[in-house]
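Undergrad: Contents of my_file14.pdb (PDB, C-alpha atoms) are below:
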```pdb
ATOM      1  CA  MET A   1     146.669 121.627 126.823  1.00  0.00           C
ATOM      2  CA  GLN A   2     144.328 120.569 129.560  1.00  0.00           C
ATOM      3  CA  VAL A   3     140.623 119.837 128.981  1.00  0.00           C
ATOM      4  CA  SER A   4     138.254 120.932 131.729  1.00  0.00           C
ATOM      5  CA  ASN A   5     135.853 118.573 133.474  1.00  0.00           C
ATOM      6  CA  ASN A   6     132.892 120.684 132.348  1.00  0.00           C
ATOM      7  CA  MET A   7     133.859 120.256 128.698  1.00  0.00           C
ATOM      8  CA  ILE A   8     134.158 116.475 129.084  1.00  0.00           C
ATOM      9  CA  ARG A   9     130.789 116.328 130.870  1.00  0.00           C
ATOM     10  CA  ASN A  10     129.134 118.451 128.146  1.00  0.00           C
ATOM     11  CA  ASN A  11     130.549 116.206 125.415  1.00  0.00           C
ATOM     12  CA  LYS A  12     129.193 113.116 127.202  1.00  0.00           C
ATOM     13  CA  ILE A  13     125.737 114.691 127.492  1.00  0.00           C
ATOM     14  CA  ILE A  14     125.754 115.613 123.794  1.00  0.00           C
ATOM     15  CA  LEU A  15     126.816 112.063 122.871  1.00  0.00           C
ATOM     16  CA  ILE A  16     124.059 110.506 125.018  1.00  0.00           C
ATOM     17  CA  VAL A  17     121.391 112.806 123.536  1.00  0.00           C
ATOM     18  CA  CYS A  18     122.562 111.977 119.982  1.00  0.00           C
ATOM     19  CA  ILE A  19     122.440 108.241 120.715  1.00  0.00           C
ATOM     20  CA  LEU A  20     118.923 108.513 122.199  1.00  0.00           C
ATOM     21  CA  LEU A  21     117.611 110.587 119.273  1.00  0.00           C
ATOM     22  CA  GLY A  22     119.208 108.267 116.720  1.00  0.00           C
ATOM     23  CA  SER A  23     117.806 105.156 118.415  1.00  0.00           C
ATOM     24  CA  THR A  24     114.319 106.649 118.640  1.00  0.00           C
ATOM     25  CA  GLY A  25     114.431 107.671 114.981  1.00  0.00           C
ATOM     26  CA  PHE A  26     115.588 104.205 113.932  1.00  0.00           C
ATOM     27  CA  ILE A  27     112.813 102.497 115.919  1.00  0.00           C
ATOM     28  CA  LEU A  28     110.125 104.764 114.443  1.00  0.00           C
ATOM     29  CA  LEU A  29     111.495 104.352 110.915  1.00  0.00           C
ATOM     30  CA  SER A  30     111.656 100.567 111.326  1.00  0.00           C
ATOM     31  CA  TYR A  31     108.102 100.375 112.636  1.00  0.00           C
ATOM     32  CA  LYS A  32     106.644 102.450 109.820  1.00  0.00           C
ATOM     33  CA  TYR A  33     108.701 101.231 106.880  1.00  0.00           C
ATOM     34  CA  LEU A  34     110.261  97.882 107.814  1.00  0.00           C
ATOM     35  CA  GLY A  35     107.714  96.062 109.999  1.00  0.00           C
ATOM     36  CA  ASN A  36     104.975  93.809 108.696  1.00  0.00           C
ATOM     37  CA  PRO A  37     102.564  95.534 106.304  1.00  0.00           C
ATOM     38  CA  LYS A  38      99.545  97.293 107.801  1.00  0.00           C
ATOM     39  CA  LEU A  39      96.054  96.518 106.587  1.00  0.00           C
ATOM     40  CA  VAL A  40      93.621  99.388 107.081  1.00  0.00           C
ATOM     41  CA  LEU A  41      89.969  98.352 106.699  1.00  0.00           C
ATOM     42  CA  ILE A  42      87.334 101.068 106.369  1.00  0.00           C
ATOM     43  CA  ASN A  43      83.638 100.212 106.477  1.00  0.00           C
ATOM     44  CA  VAL A  44      82.073 102.527 103.870  1.00  0.00           C
ATOM     45  CA  GLY A  45      78.765 100.661 103.872  1.00  0.00           C
ATOM     46  CA  SER A  46      75.507 101.667 105.515  1.00  0.00           C
ATOM     47  CA  VAL A  47      75.504  98.791 108.053  1.00  0.00           C
ATOM     48  CA  ASP A  48      77.939  97.320 110.574  1.00  0.00           C
ATOM     49  CA  ILE A  49      80.029  94.333 109.449  1.00  0.00           C
ATOM     50  CA  ASP A  50      80.114  91.374 111.845  1.00  0.00           C
ATOM     51  CA  SER A  51      82.569  88.478 112.200  1.00  0.00           C
ATOM     52  CA  ILE A  52      85.426  89.556 109.944  1.00  0.00           C
ATOM     53  CA  ASN A  53      88.222  87.058 109.287  1.00  0.00           C
ATOM     54  CA  VAL A  54      91.246  88.408 107.438  1.00  0.00           C
ATOM     55  CA  LYS A  55      93.309  85.604 105.917  1.00  0.00           C
ATOM     56  CA  VAL A  56      96.787  85.623 104.426  1.00  0.00           C
ATOM     57  CA  THR A  57      98.875  82.529 103.793  1.00  0.00           C
ATOM     58  CA  GLY A  58      99.729  81.103 107.205  1.00  0.00           C
ATOM     59  CA  ASN A  59      97.775  83.557 109.382  1.00  0.00           C
ATOM     60  CA  THR A  60      94.190  84.564 110.164  1.00  0.00           C
ATOM     61  CA  TYR A  61      93.071  87.663 112.044  1.00  0.00           C
ATOM     62  CA  PHE A  62      89.614  88.057 113.581  1.00  0.00           C
ATOM     63  CA  LEU A  63      87.755  91.346 113.983  1.00  0.00           C
ATOM     64  CA  GLU A  64      84.522  90.983 115.886  1.00  0.00           C
ATOM     65  CA  LYS A  65      82.764  93.996 114.405  1.00  0.00           C
ATOM     66  CA  LEU A  66      83.525  96.937 112.136  1.00  0.00           C
ATOM     67  CA  GLU A  67      80.903  99.613 112.617  1.00  0.00           C
ATOM     68  CA  ARG A  68      79.816 101.760 109.678  1.00  0.00           C
ATOM     69  CA  GLY A  69      82.308 104.527 109.088  1.00  0.00           C
ATOM     70  CA  GLU A  70      84.854 102.853 111.376  1.00  0.00           C
ATOM     71  CA  GLN A  71      88.475 102.299 110.385  1.00  0.00           C
ATOM     72  CA  ARG A  72      90.624  99.522 111.878  1.00  0.00           C
ATOM     73  CA  THR A  73      94.324  98.831 111.355  1.00  0.00           C
ATOM     74  CA  ILE A  74      96.048  95.463 111.821  1.00  0.00           C
ATOM     75  CA  ARG A  75      99.551  94.209 111.031  1.00  0.00           C
ATOM     76  CA  ILE A  76      99.525  91.209 108.713  1.00  0.00           C
ATOM     77  CA  ASP A  77     102.254  88.601 108.418  1.00  0.00           C
ATOM     78  CA  PRO A  78     102.030  86.305 105.384  1.00  0.00           C
ATOM     79  CA  LYS A  79     104.135  83.147 105.739  1.00  0.00           C
ATOM     80  CA  ALA A  80     104.365  82.678 101.938  1.00  0.00           C
ATOM     81  CA  ASP A  81     103.155  84.383  98.735  1.00  0.00           C
ATOM     82  CA  SER A  82      99.648  85.605  99.360  1.00  0.00           C
ATOM     83  CA  HIS A  83      96.737  87.843  98.516  1.00  0.00           C
ATOM     84  CA  ILE A  84      94.296  88.988 101.212  1.00  0.00           C
ATOM     85  CA  SER A  85      91.012  87.173 101.697  1.00  0.00           C
ATOM     86  CA  ILE A  86      88.306  88.591 103.950  1.00  0.00           C
ATOM     87  CA  THR A  87      85.231  86.693 105.048  1.00  0.00           C
ATOM     88  CA  THR A  88      82.336  88.525 106.681  1.00  0.00           C
ATOM     89  CA  GLU A  89      79.057  87.711 108.398  1.00  0.00           C
ATOM     90  CA  ASN A  90      80.258  84.284 109.657  1.00  0.00           C
ATOM     91  CA  GLU A  91      81.799  83.403 106.280  1.00  0.00           C
ATOM     92  CA  LYS A  92      78.679  84.330 104.333  1.00  0.00           C
ATOM     93  CA  HIS A  93      80.641  86.669 102.025  1.00  0.00           C
ATOM     94  CA  VAL A  94      84.190  86.250 100.718  1.00  0.00           C
ATOM     95  CA  LEU A  95      86.048  89.394  99.663  1.00  0.00           C
ATOM     96  CA  THR A  96      89.430  89.323  97.932  1.00  0.00           C
ATOM     97  CA  ILE A  97      91.997  92.096  97.922  1.00  0.00           C
ATOM     98  CA  ASP A  98      93.936  91.061  94.855  1.00  0.00           C
ATOM     99  CA  THR A  99      97.384  92.377  95.671  1.00  0.00           C
ATOM    100  CA  TYR A 100     100.674  90.522  95.943  1.00  0.00           C
ATOM    101  CA  LEU A 101     102.335  89.970  99.309  1.00  0.00           C
ATOM    102  CA  ASP A 102     105.277  87.710  99.985  1.00  0.00           C
ATOM    103  CA  GLN A 103     106.858  86.439 103.166  1.00  0.00           C
ATOM    104  CA  GLY A 104     109.474  89.179 102.956  1.00  0.00           C
ATOM    105  CA  SER A 105     106.928  91.985 102.581  1.00  0.00           C
ATOM    106  CA  THR A 106     108.061  94.803 104.799  1.00  0.00           C
ATOM    107  CA  GLY A 107     106.410  98.049 105.719  1.00  0.00           C
ATOM    108  CA  GLY A 108     103.866  99.774 103.610  1.00  0.00           C
ATOM    109  CA  SER A 109     100.132  99.569 103.912  1.00  0.00           C
ATOM    110  CA  ILE A 110      97.031  98.318 102.177  1.00  0.00           C
ATOM    111  CA  LYS A 111      94.062 100.626 102.639  1.00  0.00           C
ATOM    112  CA  ALA A 112      90.769  98.983 101.666  1.00  0.00           C
ATOM    113  CA  GLU A 113      87.256 100.396 101.626  1.00  0.00           C
ATOM    114  CA  ILE A 114      84.787  97.570 102.148  1.00  0.00           C
ATOM    115  CA  THR A 115      81.107  96.869 102.682  1.00  0.00           C
ATOM    116  CA  THR A 116      79.511  93.699 104.007  1.00  0.00           C
ATOM    117  CA  ASP A 117      79.715  91.987 100.616  1.00  0.00           C
ATOM    118  CA  SER A 118      82.323  93.794  98.478  1.00  0.00           C
ATOM    119  CA  VAL A 119      85.664  95.552  98.263  1.00  0.00           C
ATOM    120  CA  ILE A 120      84.923  99.026  96.941  1.00  0.00           C
ATOM    121  CA  SER A 121      88.547 100.055  96.414  1.00  0.00           C
ATOM    122  CA  PHE A 122      92.040  99.473  97.769  1.00  0.00           C
ATOM    123  CA  ILE A 123      95.441 101.132  97.574  1.00  0.00           C
ATOM    124  CA  HIS A 124      98.657  99.204  98.239  1.00  0.00           C
ATOM    125  CA  ARG A 125     101.612 101.386  99.211  1.00  0.00           C
ATOM    126  CA  ARG A 126     104.810  99.361  99.272  1.00  0.00           C
ATOM    127  CA  GLY A 127     107.383  99.629 102.070  1.00  0.00           C
ATOM    128  CA  LEU A 128     111.120 100.157 101.655  1.00  0.00           C
ATOM    129  CA  LEU A 129     111.977  96.529 100.848  1.00  0.00           C
TER
END
```
Go through the file and emit its structure as structure tokens.
TA:
Amino acid sequence: MQVSNNMIRNNKIILIVCILLGSTGFILLSYKYLGNPKLVLINVGSVDIDSINVKVTGNTYFLEKLERGEQRTIRIDPKADSHISITTENEKHVLTIDTYLDQGSTGGSIKAEITTDSVISFIHRRGLL
């Protein structure tokens, strides 16, 4: 039995499309569920928050300003066991998000509602691992 060139070409196209879709799906899944955890900060206060430093063990992240009602997302990468410490207004206020992160923390997110001087609430959704 002889296979036509069109059939071979169609099978190659189907294989390439499957590989591209699978790769794209894997990359998206890895980014959402297996990358470093995301920290989502939401300013629920009545004033803007200036000079925000987010600290986890081994890393610090600086946000110049978080306007009232604004939401900002950053990826955090703790180098050892850690909670999240946030200083605001040039280190005038220290806020603590008392959740457990370790160096192997993957995926998930921490969504925190904050004001200039307090953490109103937070939700920690764990990733796959």
Undergrad: Counting all atoms listed in the file, figure out which residue out of A:Ile84, A:Ile120, A:Ile8, A:Leu41 gets nearest to Asn59 (chain A).
TA: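 Residue with the minimum atom-to-atom distance to Asn59 (chain A): A:Ile84.
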Undergrad: Run the PyMOL selection byres ((chain A and resi 91-94) around 9) mentally over the shown coordinates, then write out the matched residues as a ChimeraX atom specification, using the chain letters and numbers from the document.
TA: /A:51-53,85-90,95-96,116-118
Undergrad: Please write the residues from the selection above to a file, keeping C-alpha atoms, as an mmCIF file, in the frame of the given file.
TA:
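Result saved to part.cif:
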```
data_model
loop_
_atom_site.group_PDB
_atom_site.id
_atom_site.type_symbol
_atom_site.label_atom_id
_atom_site.label_comp_id
_atom_site.auth_asym_id
_atom_site.auth_seq_id
_atom_site.Cartn_x
_atom_site.Cartn_y
_atom_site.Cartn_z
ATOM 1 C CA SER A 51 82.569 88.478 112.200
ATOM 2 C CA ILE A 52 85.426 89.556 109.944
ATOM 3 C CA ASN A 53 88.222 87.058 109.287
ATOM 4 C CA SER A 85 91.012 87.173 101.697
ATOM 5 C CA ILE A 86 88.306 88.591 103.950
ATOM 6 C CA THR A 87 85.231 86.693 105.048
ATOM 7 C CA THR A 88 82.336 88.525 106.681
ATOM 8 C CA GLU A 89 79.057 87.711 108.398
ATOM 9 C CA ASN A 90 80.258 84.284 109.657
ATOM 10 C CA LEU A 95 86.048 89.394 99.663
ATOM 11 C CA THR A 96 89.430 89.323 97.932
ATOM 12 C CA THR A 116 79.511 93.699 104.007
ATOM 13 C CA ASP A 117 79.715 91.987 100.616
ATOM 14 C CA SER A 118 82.323 93.794 98.478
#
```
Undergrad: I'd like the interatomic distance between CA of Ile123 (chain A) and CA of Lys111 (chain A), to a tenth of an Å.
TA: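 Interatomic distance here is 5.3 Å.
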Undergrad: For Ser105 (chain A), which of A:Glu70, A:Ser121, A:Asn36, A:Phe26 is the closest residue, counting only C-alpha atoms?
TA: A:Asn36
Undergrad: How far is it from CA of Gly45 (chain A) to CA of Arg72 (chain A), in Å with one decimal?
TA: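 About the pair CA of Gly45 (chain A) and CA of Arg72 (chain A): they are 14.4 Å apart.
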Undergrad: CA of Ser46 (chain A) to CA of Ile74 (chain A): how many Å, to one decimal?
TA: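 Distance between the two atoms: 22.4 Å.
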Undergrad: Taking all atoms listed in the file into account, name the residue in A:Lys38, A:Arg9, A:Arg125, A:Lys55 that is nearest to Lys79 (chain A).
TA: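 Smallest distance to Lys79 (chain A) is found for A:Lys55.
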Undergrad: I need the output of the PyMOL selection byres ((chain A and resi 48) around 8) for this file as a count of residues only; which residues are they?
TA: 11
Undergrad: (101.0, 83.0, 106.1) in this file's frame - what residues fall within 6 Å of it? Use only C-alpha atoms and give the answer as a VMD selection string.
TA: chain A and resid 56 to 59 78 to 80
Undergrad: Would you mind listing what lies within 12 Å of His124 (chain A) as a list in words, with all atoms listed in the file counted and same-chain residues fewer than 5 positions away left out?
TA: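 Returned residues: Pro37, Lys38, Leu39, Val40, His83, Ile84, Ile97, Asp98, Thr99, Tyr100, Leu101, Ser105, Gly107, Gly108, Ser109, Ile110, Lys111, Ala112 and Glu113 of chain A.
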Undergrad: Grab all the atoms of region 110-120 of chain A that the file lists, wrap them in a box along x, y and z, add 5 Å per side, and give me centre plus edge lengths in Å (one decimal) as JSON.
TA:
```
{"center_x": 88.3, "center_y": 96.3, "center_z": 100.5, "size_x": 27.5, "size_y": 18.6, "size_z": 17.1}
```
Undergrad: Compare A:Ile114, A:Ile42, A:Ile16, A:Leu29 by their minimum atom-to-atom distance to Gln71 (chain A), counting all atoms listed in the file, and give me the closest one.
TA: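 Of all the options, A:Ile42 lies closest to Gln71 (chain A).
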